[in-house]
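Chemist: Have a peek at model.cif (mmCIF, C-alpha atoms and all ligand atoms).
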```cif
data_input
#
loop_
_atom_site.label_atom_id
_atom_site.label_comp_id
_atom_site.auth_asym_id
_atom_site.auth_seq_id
_atom_site.Cartn_x
_atom_site.Cartn_y
_atom_site.Cartn_z
CA MET A 12 92.89 104.95 115.99
CA ASN A 13 96.11 106.92 115.96
CA THR A 14 96.77 107.98 112.40
CA SER A 15 98.77 111.17 112.88
CA PRO A 16 101.20 112.70 113.34
CA VAL A 17 103.57 110.17 111.82
CA ASP A 18 107.23 109.85 112.63
CA PHE A 19 108.33 110.58 109.10
CA GLN A 20 112.05 110.59 109.98
CA ALA A 21 111.72 106.94 110.94
CA ASN A 22 110.14 106.19 107.61
CA LEU A 23 112.73 107.63 105.24
CA ALA A 24 115.28 105.80 103.15
CA PRO A 25 118.90 106.45 104.31
CA GLU A 26 119.58 108.71 101.30
CA GLU A 27 116.50 110.77 102.13
CA ALA A 28 117.32 110.95 105.83
CA LYS A 29 120.68 112.59 105.06
CA LEU A 30 118.94 115.86 104.14
CA GLY A 31 118.78 118.37 107.00
CA GLU A 32 115.51 120.10 107.80
CA SER A 33 116.38 123.35 106.00
CA ALA A 34 117.41 121.52 102.81
CA ARG A 35 114.25 119.44 103.06
CA VAL A 36 112.00 122.46 103.46
CA ALA A 37 113.79 124.27 100.60
CA GLY A 38 113.40 121.20 98.39
CA ALA A 39 109.75 120.93 99.26
CA MET A 40 109.07 124.61 98.53
CA ARG A 41 110.90 124.36 95.20
CA GLY A 42 109.23 121.08 94.28
CA PHE A 43 105.70 122.15 95.19
CA ALA A 44 106.00 125.52 93.49
CA ARG A 45 107.17 123.85 90.29
CA GLU A 46 104.79 120.92 90.33
CA ILE A 47 101.65 122.67 91.45
CA GLY A 48 101.88 125.42 88.85
CA ALA A 49 99.59 128.38 88.24
CA LEU A 50 96.82 126.37 86.60
CA SER A 51 96.52 123.95 89.49
CA ALA A 52 96.55 126.77 92.03
CA LEU A 53 93.79 128.49 90.10
CA ARG A 54 91.78 125.29 90.02
CA LEU A 55 92.05 125.03 93.77
CA ASP A 56 90.75 128.58 94.02
CA ALA A 57 87.56 127.33 92.34
CA CYS A 58 86.74 125.14 95.36
CA VAL A 59 83.35 126.08 96.85
CA HIS A 60 83.92 123.94 99.98
CA CYS A 61 80.87 121.80 99.31
CA GLY A 62 82.42 118.73 100.95
CA MET A 63 81.45 116.34 98.16
CA CYS A 64 85.03 115.16 97.77
CA ALA A 65 85.05 114.16 101.45
CA ASP A 66 82.01 111.95 100.92
CA ALA A 67 83.73 110.49 97.86
CA CYS A 68 86.93 109.43 99.62
CA HIS A 69 86.88 106.04 101.31
CA PHE A 70 89.47 107.19 103.87
CA TYR A 71 87.04 109.87 105.01
CA ILE A 72 84.03 107.56 104.70
CA VAL A 73 85.51 104.96 107.06
CA THR A 74 87.03 107.38 109.58
CA GLU A 75 84.91 110.56 109.30
CA ASP A 76 88.16 112.35 110.12
CA PRO A 77 88.18 115.77 108.41
CA GLN A 78 91.93 115.58 107.73
CA TYR A 79 91.09 113.00 105.01
CA THR A 80 88.97 115.46 103.03
CA PRO A 81 90.70 115.24 99.64
CA VAL A 82 90.89 118.95 98.93
CA LEU A 83 92.45 119.58 102.34
CA LYS A 84 95.24 117.17 101.47
CA VAL A 85 96.44 119.60 98.79
CA GLU A 86 95.46 122.94 100.28
CA PRO A 87 98.94 123.55 101.79
CA PHE A 88 100.46 123.35 98.32
CA LYS A 89 98.31 126.20 97.13
CA GLN A 90 99.69 128.26 99.99
CA VAL A 91 103.24 127.31 99.03
CA PHE A 92 102.59 128.20 95.43
CA LYS A 93 101.27 131.63 96.39
CA ARG A 94 104.28 132.29 98.59
CA GLU A 95 106.92 131.01 96.22
CA ALA A 96 105.75 131.36 92.64
CA GLY A 97 102.42 133.17 92.33
CA ALA A 98 102.07 136.67 90.89
CA PHE A 99 102.06 138.21 94.39
CA ALA A 100 104.76 135.96 95.82
CA PRO A 101 107.18 138.83 96.71
CA VAL A 102 104.36 140.65 98.51
CA PHE A 103 103.39 137.55 100.45
CA ARG A 104 107.00 136.97 101.42
CA TRP A 105 107.73 140.59 102.26
CA PHE A 106 104.78 140.91 104.60
CA GLY A 107 105.24 137.40 105.94
CA LEU A 108 101.66 136.54 104.93
CA LYS A 109 102.45 132.94 104.09
CA ALA A 110 104.71 131.28 106.58
CA LYS A 111 107.38 128.86 105.40
CA ILE A 112 106.43 125.26 105.89
CA THR A 113 107.97 123.37 108.77
CA GLY A 114 109.30 119.85 109.17
CA ALA A 115 106.27 119.01 111.31
CA GLU A 116 103.91 120.00 108.52
CA LEU A 117 105.87 117.98 106.00
CA ALA A 118 105.47 114.97 108.26
CA ARG A 119 101.71 115.39 108.38
CA TRP A 120 101.54 115.78 104.62
CA GLN A 121 103.54 112.60 104.12
CA HIS A 122 100.78 110.74 105.93
CA LEU A 123 98.01 112.51 103.99
CA LEU A 124 99.55 112.21 100.53
CA TYR A 125 100.92 108.68 100.73
CA ASP A 126 99.29 106.65 103.51
CA SER A 127 95.78 107.92 102.95
CA CYS A 128 95.50 108.36 99.20
CA ASN A 129 95.26 105.63 96.57
CA LEU A 130 95.26 108.14 93.69
CA CYS A 131 91.95 106.49 92.85
CA GLY A 132 90.30 109.57 91.32
CA ARG A 133 86.89 109.15 92.98
CA CYS A 134 87.13 112.63 94.51
CA SER A 135 87.94 114.13 91.09
CA LEU A 136 84.89 112.40 89.63
CA MET A 137 82.56 113.83 92.28
CA CYS A 138 83.82 117.42 92.45
CA PRO A 139 81.13 119.71 90.97
CA MET A 140 83.81 122.29 90.11
CA GLY A 141 85.78 119.81 88.02
CA ILE A 142 88.88 120.01 90.21
CA ASP A 143 91.11 117.01 89.52
CA ILE A 144 92.16 116.52 93.13
CA ALA A 145 93.81 113.15 92.47
CA GLU A 146 96.05 114.77 89.86
CA LEU A 147 96.96 117.49 92.36
CA ILE A 148 97.88 114.82 94.90
CA GLU A 149 100.11 113.18 92.28
CA GLN A 150 101.80 116.53 91.73
CA ALA A 151 102.17 117.05 95.47
CA ARG A 152 103.82 113.63 95.79
CA ARG A 153 106.40 114.80 93.27
CA GLY A 154 107.16 117.76 95.51
CA MET A 155 107.48 115.44 98.48
CA PHE A 156 109.85 113.20 96.56
CA GLU A 157 112.02 116.18 95.73
CA ALA A 158 112.10 117.09 99.41
CA GLY A 159 113.31 113.60 100.28
CA LEU A 160 110.01 112.76 101.90
CA ALA A 161 108.72 109.76 99.98
CA PRO A 162 108.04 106.86 102.41
CA LYS A 163 111.06 104.59 102.47
CA GLU A 164 109.17 101.53 101.20
CA LEU A 165 108.27 103.36 97.99
CA TYR A 166 111.56 105.21 97.66
CA GLU A 167 113.66 102.08 98.03
CA LYS A 168 111.56 100.00 95.64
CA ALA A 169 111.62 102.81 93.08
CA ALA A 170 115.40 103.16 93.43
CA HIS A 171 115.92 99.41 93.04
CA GLN A 172 113.58 99.18 90.06
CA ARG A 173 115.32 102.08 88.36
CA ARG A 174 118.71 100.42 88.82
CA THR A 175 117.82 96.82 88.07
CA GLY A 176 114.37 96.65 86.48
CA GLN A 177 112.79 94.90 89.45
CA PRO A 178 111.56 96.63 92.59
CA GLU A 179 113.20 94.32 95.10
CA PRO A 180 116.12 91.95 95.28
CA SER A 181 114.95 88.36 94.87
CA ASP A 182 116.55 84.97 95.39
CA GLU A 183 116.73 84.63 91.60
CA PRO A 184 116.14 87.16 88.80
CA TYR A 185 112.54 87.54 87.63
CA ARG A 186 113.54 86.18 84.23
CA ASP A 187 114.47 82.88 85.88
CA LYS A 188 111.37 82.95 88.05
CA LEU A 189 109.27 83.40 84.93
CA LEU A 190 110.85 80.36 83.29
CA ALA A 191 110.34 78.38 86.50
CA ILE A 192 106.63 79.31 86.46
CA GLY A 193 106.49 77.96 82.89
CA ARG A 194 107.96 74.62 84.03
CA ARG A 195 105.71 74.43 87.09
CA PHE A 196 102.50 75.08 85.14
CA ASN A 197 103.60 73.30 82.01
CA VAL A 198 103.34 76.28 79.68
CA GLU A 199 105.95 77.47 77.23
CA ILE A 200 107.04 81.00 78.13
CA PRO A 201 107.66 83.11 75.04
CA LEU A 202 110.83 84.98 75.98
CA ASP A 203 113.24 87.31 74.20
CA LYS A 204 111.92 86.78 70.70
CA PRO A 205 113.69 89.38 68.54
CA ARG A 206 110.40 90.33 66.82
CA ALA A 207 106.83 90.04 68.07
CA GLU A 208 103.54 91.83 67.52
CA VAL A 209 102.74 91.88 71.21
CA LEU A 210 105.04 92.66 74.13
CA LEU A 211 103.88 91.03 77.36
CA THR A 212 104.73 92.44 80.76
CA VAL A 213 104.14 90.93 84.16
CA PRO A 214 103.22 92.36 87.56
CA ARG A 215 105.91 91.68 90.10
CA THR A 216 102.99 90.84 92.41
CA ASP A 217 102.06 87.92 90.12
CA ILE A 218 105.66 86.69 89.84
CA GLU A 219 106.01 86.69 93.62
CA HIS A 220 102.48 85.79 94.76
CA TYR A 221 100.19 84.66 91.93
CA PRO A 222 102.23 82.55 89.50
CA ALA A 223 99.02 80.91 88.21
CA ALA A 224 98.04 84.30 86.79
CA VAL A 225 101.30 84.40 84.79
CA ALA A 226 100.60 80.92 83.43
CA ALA A 227 97.02 82.00 82.64
CA LEU A 228 98.31 84.90 80.55
CA VAL A 229 100.56 82.59 78.57
CA ARG A 230 97.75 80.03 78.04
CA VAL A 231 95.32 82.65 76.81
CA MET A 232 97.85 84.16 74.41
CA ALA A 233 98.63 80.67 73.06
CA HIS A 234 94.88 80.02 72.58
CA LEU A 235 94.71 83.24 70.54
CA LYS A 236 97.80 82.18 68.59
CA ALA A 237 99.19 85.64 69.33
CA ASP A 238 102.70 86.47 68.15
CA CYS A 239 103.99 87.62 71.54
CA THR A 240 107.00 87.69 73.80
CA PHE A 241 108.24 88.72 77.21
CA ARG A 242 111.62 90.46 77.18
CA SER A 243 114.15 89.88 79.95
CA ASP A 244 115.19 93.54 79.95
CA GLY A 245 111.66 94.89 80.33
CA LEU A 246 109.51 92.55 82.34
CA VAL A 247 107.95 94.33 85.28
CA ALA A 248 104.69 96.18 84.73
CA GLU A 249 104.52 98.18 87.98
CA ASN A 250 106.22 101.55 88.23
CA TYR A 251 107.38 102.44 91.74
CA GLY A 252 108.67 105.78 90.49
CA TYR A 253 105.01 106.67 89.89
CA TYR A 254 103.98 105.62 93.40
CA ALA A 255 106.87 107.44 95.07
CA GLY A 256 106.46 110.65 93.07
CA GLY A 257 109.89 110.50 91.39
CA ARG A 258 109.11 111.87 87.95
CA ASP A 259 112.55 111.20 86.44
CA TRP A 260 112.67 107.73 87.95
CA GLN A 261 109.17 107.03 86.66
CA ARG A 262 110.32 108.03 83.18
CA GLU A 263 113.39 105.78 83.36
CA ILE A 264 111.33 102.82 84.56
CA SER A 265 108.79 103.31 81.76
CA ARG A 266 111.61 103.73 79.24
CA ARG A 267 112.86 100.24 80.01
CA LEU A 268 109.57 98.77 78.76
CA ILE A 269 109.21 101.21 75.89
CA ASP A 270 112.71 100.38 74.62
CA GLN A 271 111.88 96.68 74.63
CA ALA A 272 108.61 97.22 72.76
CA VAL A 273 110.46 99.29 70.15
CA ALA A 274 113.30 96.75 69.90
CA CYS A 275 110.92 93.90 69.04
CA GLN A 276 108.73 96.16 66.87
CA ALA A 277 105.65 95.41 68.94
CA LYS A 278 102.38 96.93 67.84
CA VAL A 279 100.79 96.36 71.23
CA LEU A 280 102.15 96.37 74.77
CA ILE A 281 99.95 94.40 77.15
CA VAL A 282 99.66 95.41 80.76
CA PRO A 283 98.42 92.37 82.66
CA GLU A 284 96.22 92.53 85.73
CA CYS A 285 97.61 95.69 87.34
CA GLY A 286 95.74 98.97 87.56
CA HIS A 287 98.46 101.50 88.32
CA ALA A 288 100.85 99.96 85.81
CA TYR A 289 98.16 100.63 83.22
CA SER A 290 97.89 104.30 84.18
CA ALA A 291 101.66 104.75 84.22
CA LEU A 292 102.06 103.31 80.72
CA ARG A 293 98.81 104.20 79.01
CA TRP A 294 98.44 107.80 80.17
CA GLU A 295 101.69 109.00 81.67
CA ALA A 296 104.50 107.43 79.66
CA ALA A 297 103.98 109.41 76.45
CA GLU A 298 103.77 112.66 78.38
CA LEU A 299 106.96 111.89 80.29
CA MET A 300 108.77 110.87 77.10
CA GLY A 301 107.54 114.01 75.32
CA LYS A 302 106.26 112.06 72.31
CA SER A 303 103.57 109.55 71.44
CA LEU A 304 104.42 105.89 71.79
CA PRO A 305 104.82 103.88 68.57
CA PHE A 306 102.56 101.11 69.87
CA LYS A 307 99.22 100.71 71.63
CA VAL A 308 99.04 100.06 75.35
CA LEU A 309 96.17 97.76 76.31
CA HIS A 310 95.13 96.19 79.57
CA ILE A 311 94.75 92.43 79.17
CA THR A 312 91.00 92.76 79.80
CA GLU A 313 90.64 95.16 76.85
CA TYR A 314 92.76 92.90 74.67
CA LEU A 315 90.65 89.84 75.52
CA ALA A 316 87.34 91.67 75.02
CA GLU A 317 88.54 92.71 71.55
CA ALA A 318 89.46 89.09 70.80
CA LEU A 319 86.05 87.99 72.05
CA GLU A 320 84.25 90.42 69.76
CA ALA A 321 86.40 89.30 66.83
CA GLY A 322 85.45 85.68 67.53
CA ARG A 323 89.05 84.68 68.28
CA LEU A 324 88.45 84.04 71.98
CA ARG A 325 85.99 81.25 72.62
CA LEU A 326 84.91 80.51 76.16
CA ARG A 327 82.96 77.82 77.97
CA THR A 328 80.36 78.34 80.67
CA ALA A 329 81.82 78.61 84.16
CA GLN A 330 80.04 77.01 87.10
CA VAL A 331 81.16 79.41 89.82
CA GLY A 332 77.88 80.51 91.37
CA ALA A 333 76.91 84.09 92.16
CA THR A 334 79.89 86.29 91.31
CA ALA A 335 80.86 89.81 92.32
CA PHE A 336 83.48 91.80 90.45
CA HIS A 337 85.72 94.60 91.74
CA ASP A 338 86.64 97.27 89.18
CA PRO A 339 90.20 98.50 89.87
CA CYS A 340 89.96 102.27 90.17
CA GLN A 341 92.71 103.03 87.64
CA LEU A 342 90.98 100.93 85.01
CA VAL A 343 87.46 102.30 85.37
CA ARG A 344 88.06 105.93 86.23
CA LYS A 345 91.17 106.66 84.19
CA GLY A 346 90.77 103.98 81.53
CA GLY A 347 87.00 103.76 81.17
CA ILE A 348 87.36 99.97 81.08
CA THR A 349 83.88 99.08 82.31
CA ALA A 350 82.38 96.92 79.58
CA ALA A 351 85.35 94.62 78.86
CA PRO A 352 85.37 92.57 82.10
CA ARG A 353 81.58 92.23 82.00
CA GLN A 354 81.70 91.03 78.38
CA LEU A 355 84.18 88.35 79.41
CA LEU A 356 82.09 87.32 82.41
CA ARG A 357 78.91 87.09 80.32
CA ALA A 358 80.75 85.03 77.71
CA MET A 359 81.26 82.48 80.50
CA GLY A 360 77.57 82.67 81.48
CA ILE A 361 78.17 84.89 84.53
CA GLU A 362 75.98 87.92 85.25
CA PRO A 363 78.06 89.91 87.75
CA ARG A 364 76.42 91.03 90.97
CA GLU A 365 77.27 94.69 91.42
CA THR A 366 78.18 96.25 94.76
CA VAL A 367 76.25 99.29 96.00
CA ARG A 368 79.00 101.63 94.80
CA HIS A 369 80.00 100.13 91.50
CA ILE A 370 81.66 100.52 88.12
CA GLY A 371 82.92 104.15 87.81
CA TYR A 372 81.75 104.96 91.33
CA ASN A 373 83.39 101.92 92.87
CA ILE A 374 85.48 102.57 95.98
CA CYS A 375 89.11 101.49 95.95
CA CYS A 376 90.41 98.38 97.73
CA GLY A 377 92.52 100.72 99.88
CA GLY A 378 95.89 99.34 98.76
CA GLY A 379 96.42 101.15 95.45
CA GLY A 380 98.87 103.97 94.76
CA GLY A 381 101.57 102.27 96.83
CA VAL A 382 99.56 102.29 100.07
CA PHE A 383 99.78 98.50 100.35
CA ASP A 384 103.57 98.75 100.55
CA ILE A 385 103.59 101.31 103.37
CA GLU A 386 103.71 99.31 106.55
CA ARG A 387 102.42 101.92 108.95
CA ALA A 388 99.35 102.48 106.69
CA ALA A 389 98.04 98.95 107.35
CA THR A 390 95.54 99.88 110.08
CA LEU A 391 93.95 102.57 107.95
CA ARG A 392 93.76 100.49 104.79
CA HIS A 393 92.25 97.60 106.73
CA ARG A 394 89.33 99.83 107.58
CA VAL A 395 88.81 100.50 103.87
CA VAL A 396 89.01 96.85 102.89
CA GLU A 397 86.55 95.99 105.66
CA GLU A 398 84.09 98.44 104.07
CA LYS A 399 84.64 96.73 100.70
CA PHE A 400 84.05 93.30 102.21
CA HIS A 401 80.78 94.57 103.65
CA GLU A 402 79.67 95.76 100.18
CA ILE A 403 80.70 92.49 98.54
CA ASP A 404 78.96 90.40 101.21
CA GLN A 405 75.76 92.35 100.56
CA THR A 406 75.70 91.01 96.99
CA GLY A 407 75.45 87.43 98.24
CA ALA A 408 78.32 86.42 95.97
CA GLN A 409 80.06 83.07 96.31
CA THR A 410 82.87 84.03 93.94
CA PHE A 411 84.78 87.27 93.92
CA LEU A 412 87.01 88.42 91.07
CA THR A 413 89.10 91.39 90.05
CA THR A 414 91.55 92.39 87.31
CA CYS A 415 94.39 93.88 89.34
CA SER A 416 96.84 91.75 91.28
CA ASP A 417 97.55 94.57 93.75
CA CYS A 418 93.82 94.80 94.54
CA ARG A 419 93.81 91.02 94.86
CA ARG A 420 96.72 91.12 97.28
CA THR A 421 95.07 93.86 99.32
CA PHE A 422 91.91 91.74 99.53
CA ASP A 423 93.92 88.63 100.41
CA ASP A 424 95.64 90.51 103.20
CA GLY A 425 92.25 91.78 104.40
CA LYS A 426 90.87 88.25 104.22
CA LYS A 427 93.54 87.13 106.69
CA ARG A 428 92.89 90.11 108.94
CA PHE A 429 89.10 89.65 109.06
CA ASN A 430 88.71 85.93 108.34
CA TRP A 431 86.67 86.85 105.29
CA GLU A 432 84.95 83.85 103.75
CA LEU A 433 85.51 84.53 100.05
CA THR A 434 88.80 84.05 98.22
CA PRO A 435 89.73 86.90 95.88
CA GLY A 436 90.38 85.57 92.38
CA SER A 437 91.61 86.70 88.99
CA LEU A 438 89.33 87.14 85.99
CA LEU A 439 92.26 86.26 83.71
CA GLU A 440 92.73 82.94 85.50
CA LEU A 441 89.02 82.17 85.16
CA VAL A 442 89.19 82.94 81.43
CA ALA A 443 92.23 80.66 81.04
CA GLU A 444 90.36 77.85 82.81
CA HIS A 445 87.40 78.14 80.41
CA LEU A 446 89.00 78.32 77.00
CA GLN A 447 87.10 76.23 74.50
CA GLY A 448 89.26 73.29 73.55
CA GLY A 449 91.66 74.28 76.36
S1 LIG B 1 92.23 110.02 94.96
FE1 LIG B 1 90.90 108.54 96.05
S2 LIG B 1 92.00 108.06 97.95
FE2 LIG B 1 92.93 109.94 97.09
S3 LIG B 1 91.85 111.61 98.09
FE3 LIG B 1 90.76 111.21 96.17
S4 LIG B 1 89.12 109.73 96.72
FE4 LIG B 1 90.61 109.75 98.42
S1 LIG B 2 84.20 118.60 95.88
FE1 LIG B 2 85.39 120.15 94.77
S2 LIG B 2 84.38 122.08 95.26
FE2 LIG B 2 83.60 120.57 96.75
S3 LIG B 2 85.01 120.76 98.55
FE3 LIG B 2 85.89 119.17 97.23
S4 LIG B 2 87.34 120.26 95.87
FE4 LIG B 2 86.01 121.82 96.79
#
```
Please go through the file and, once you have read it, give me the structure as C-alpha cells.
Ligand code: SF4
Ligand code: SF4

Modeler:
Amino acid sequence: MNTSPVDFQANLAPEEAKLGESARVAGAMRGFAREIGALSALRLDACVHCGMCADACHFYIVTEDPQYTPVLKVEPFKQVFKREAGAFAPVFRWFGLKAKITGAELARWQHLLYDSCNLCGRCSLMCPMGIDIAELIEQARRGMFEAGLAPKELYEKAAHQRRTGQPEPSDEPYRDKLLAIGRRFNVEIPLDKPRAEVLLTVPRTDIEHYPAAVAALVRVMAHLKADCTFRSDGLVAENYGYYAGGRDWQREISRRLIDQAVACQAKVLIVPECGHAYSALRWEAAELMGKSLPFKVLHITEYLAEALEAGRLRLRTAQVGATAFHDPCQLVRKGGITAAPRQLLRAMGIEPRETVRHIGYNICCGGGGGVFDIERAATLRHRVVEEKFHEIDQTGAQTFLTTCSDCRRTFDDGKKRFNWELTPGSLLELVAEHLQGG
C-alpha cells in the first residue's frame, strides 16, 4: 500500500496553495514553536521509547509501519521547538544543529497528522510516561493550519462553516432541511423558541445522511416533555475548525452555538450522536472562550441515562438479538461516558456483547478527527474499519449500534467496501423506537 509521501500541494485549498514554500516553512516554524510550548517539549523528552503507543494505535496495528508510531508523529515538532523557542534555541541555530524544516517534510507530516490520526487518545491512555500524544497531535495540527497545510477537505469545510454555520453548501439551508425532516417523519420540530431549558444541536451527518436520527431525537425529547429548541443560527454540532487545526475558526464556530444557548437562556446544550462535536464543546469551548460556559454540555446518551435514572424515560424491551456496541473514542476516553449507553441498552433488555478491545480501550472506527473527509485517506482507514469488523464479527452479534453518526458513516462506508453483513445503527433511534407509550 502506498501511503507516503503524499502530494500535499494537490491537496490544499486555493487560499493555502497561494503561500510560497518559504512563507509556508516560516508559518510552520512559528506555529509549531507557539503551539508546542515548553511543557509539551519537556513531556516529549520523558519518552522512554518503549513502543507501547505504537501497539495502541490502530494505524500501526493494521499496517505495522513504524511511521505510524504515535510519538514519532510529533517528534519533529520537538526539534522545531528546540530550534526556534527553547532555552538553547540561539545555540542550536548558530551551530546549525537543528536544520530548518523543508516542504518535503511538511508534506509527510500532513499525512501523519491528518490522514493517519483520529485524535482518538488511545496512545495517550497507554503511554506509561503519561505523555498526552493525542493532545500534542492536536497542537501540531494547529501549527500545520498556520502554515497553510491543512488538507483542503477540512480547510474548506471549516472556512464554509465559519462563514455560514454549515460546513458545506447544500441545495437548501439546514434549517429548511430540518423542517422537512419533521414533515417526513411526522414530528414537530421545536425551532427558534425565544426561551428554552435545553438547546438541541444536530450533526450535519444526520441532516444529510441519517434523518431518522434527527426525528428520533425530537421524539425522545417530546416523550420526556423537555422544554427544548433548535435555533436556526446555531444548528450544526460538528466543528471543522477543530478537525482542521484552526484555533480561531474553532472558537468562532463554537461561539455560534454558545451565543444561541445564551440567547435562549438554556441550562443544557445537548450534543447529539457525534463524538468530536462533544469534545469540541464539552472540553475545548470554555478554554477557547477564556471563561466557563453558563450552561452544561451533555451528550444525548448522558442526558437520556440521567432521565432513565430519574424515572422520566421509560423503555420497552427490544427484540434485536445479540447486540454489539461501539464506544466512540471521544466519548469514552475524553468523556468517560461508558455506563450511560449500557444502562440504556439494559433498560431495553439488551446485554451488549463486548469486542475484544472494548470500552475505554476500544479502537477507533478509523474515520474520526476528520479522517473520513480526507479522500486520499480512504485506503488506510478501510484497513482500520476492516479490523473493527473482524472484532465485531467475533462477538456473534446480529445487531450493531453506536452513538456517533460519523462512526456510523465510517462503518456504513466500510460495509459497502467489504460487503459486511451487519448494518450499523444508532442507539438513539433504538431508544426512540422503544419508548413506553410511544
Ligand atoms: S490519537 Fe489515536 S489515531 Fe492518533 S496516534 Fe494516537 S492512537 Fe493513533
Ligand atoms: S508509549 Fe510513551 S514512553 Fe512509550 S514510546 Fe510512546 S510516547 Fe514514548

Chemist: Taking (97.1, 107.0, 76.3) in the file's own coordinates, collect the residues within 10 Å, counting all atoms listed in the file, and hand them back as a PDB file with C-alpha atoms, keeping the file's coordinate frame.

Modeler:
```
ATOM      1  CA  TYR A 289      98.160 100.630  83.220  1.00  0.00           C
ATOM      2  CA  SER A 290      97.890 104.300  84.180  1.00  0.00           C
ATOM      3  CA  ALA A 291     101.660 104.750  84.220  1.00  0.00           C
ATOM      4  CA  LEU A 292     102.060 103.310  80.720  1.00  0.00           C
ATOM      5  CA  ARG A 293      98.810 104.200  79.010  1.00  0.00           C
ATOM      6  CA  TRP A 294      98.440 107.800  80.170  1.00  0.00           C
ATOM      7  CA  GLU A 295     101.690 109.000  81.670  1.00  0.00           C
ATOM      8  CA  ALA A 296     104.500 107.430  79.660  1.00  0.00           C
ATOM      9  CA  ALA A 297     103.980 109.410  76.450  1.00  0.00           C
ATOM     10  CA  GLU A 298     103.770 112.660  78.380  1.00  0.00           C
ATOM     11  CA  SER A 303     103.570 109.550  71.440  1.00  0.00           C
ATOM     12  CA  LEU A 304     104.420 105.890  71.790  1.00  0.00           C
ATOM     13  CA  LYS A 307      99.220 100.710  71.630  1.00  0.00           C
ATOM     14  CA  VAL A 308      99.040 100.060  75.350  1.00  0.00           C
ATOM     15  CA  LEU A 309      96.170  97.760  76.310  1.00  0.00           C
ATOM     16  CA  LYS A 345      91.170 106.660  84.190  1.00  0.00           C
ATOM     17  CA  GLY A 346      90.770 103.980  81.530  1.00  0.00           C
TER      18      GLY A 346
END
```

Chemist: Could you give me the residues within 7 Å of ligand LIG 2 (chain B), counting all atoms listed in the file, as a list in words?

Modeler: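 Using all atoms listed in the file, everything at most 7 Å from ligand LIG 2 (chain B) comes to Ala57, Cys58, Val59, His60, Cys61, Gly62, Met63, Cys64, Ala65, Pro81, Val82, Cys134, Met137, Cys138, Pro139, Met140, Gly141, Ile142 and Ile144 of chain A.
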
Chemist: Around ligand LIG 1 (chain B), at most 9 Å away and counting all atoms listed in the file, which residues are there? Put them as a PyMOL selection string, please.

Modeler: chain A and resi 64-71+79-82+84+123-125+127-137+143-146+148-149+340+374-375+377+379-380

Chemist: What is the atom CA of Gly407 of chain A-atom CA of Ala351 of chain A distance in Å, reported with one decimal?

Modeler: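 For atom CA of Gly407 of chain A relative to atom CA of Ala351 of chain A, the distance reads 22.9 Å.
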
Chemist: By how many Å are atom CA of Pro201 of chain A and atom CA of Val273 of chain A apart?

Modeler: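 Taking atom CA of Pro201 of chain A and atom CA of Val273 of chain A, their separation equals 17.1 Å.
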
Chemist: Quick one: of A:Lys278, A:His369, A:Arg258, A:Lys302, who's nearest to Arg173 of chain A, counting all atoms listed in the file?

Modeler: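 Among the listed residues, A:Arg258 lies closest to Arg173 of chain A.
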
Chemist: Which value, in Å to one decimal, gives the distance between atom CA of Met300 of chain A and atom CA of Phe43 of chain A?

Modeler: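 Going from atom CA of Met300 of chain A over to atom CA of Phe43 of chain A covers 21.5 Å.
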
Chemist: Looking at A:Leu190, A:Leu202, A:Leu315, A:Ala24, which one is nearest to Glu164 of chain A, with distances taken over all atoms listed in the file?

Modeler: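 Of the candidates, the smallest distance to Glu164 of chain A is held by A:Ala24.
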
Chemist: Which residue, A:Ile361, A:Ile218, A:Ala39, A:Ala274, has the smallest gap to Phe411 of chain A when you use all atoms listed in the file?

Modeler: A:Ile361

Chemist: Name the closest residue to Asp417 of chain A among the candidates A:Val382, A:Cys285, A:Ala329, A:Val396; distances are taken between atoms, counting only C-alpha atoms.

Modeler: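 When distances to Asp417 of chain A are compared using only C-alpha atoms, the smallest one comes from A:Cys285.
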
Chemist: Using only C-alpha atoms, which residue out of A:Gly322, A:Gly332, A:Pro87, A:Gly159 lies closest to Val36 of chain A?

Modeler: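 Ranking A:Gly322, A:Gly332, A:Pro87, A:Gly159 by distance to Val36 of chain A, first place goes to A:Gly159.
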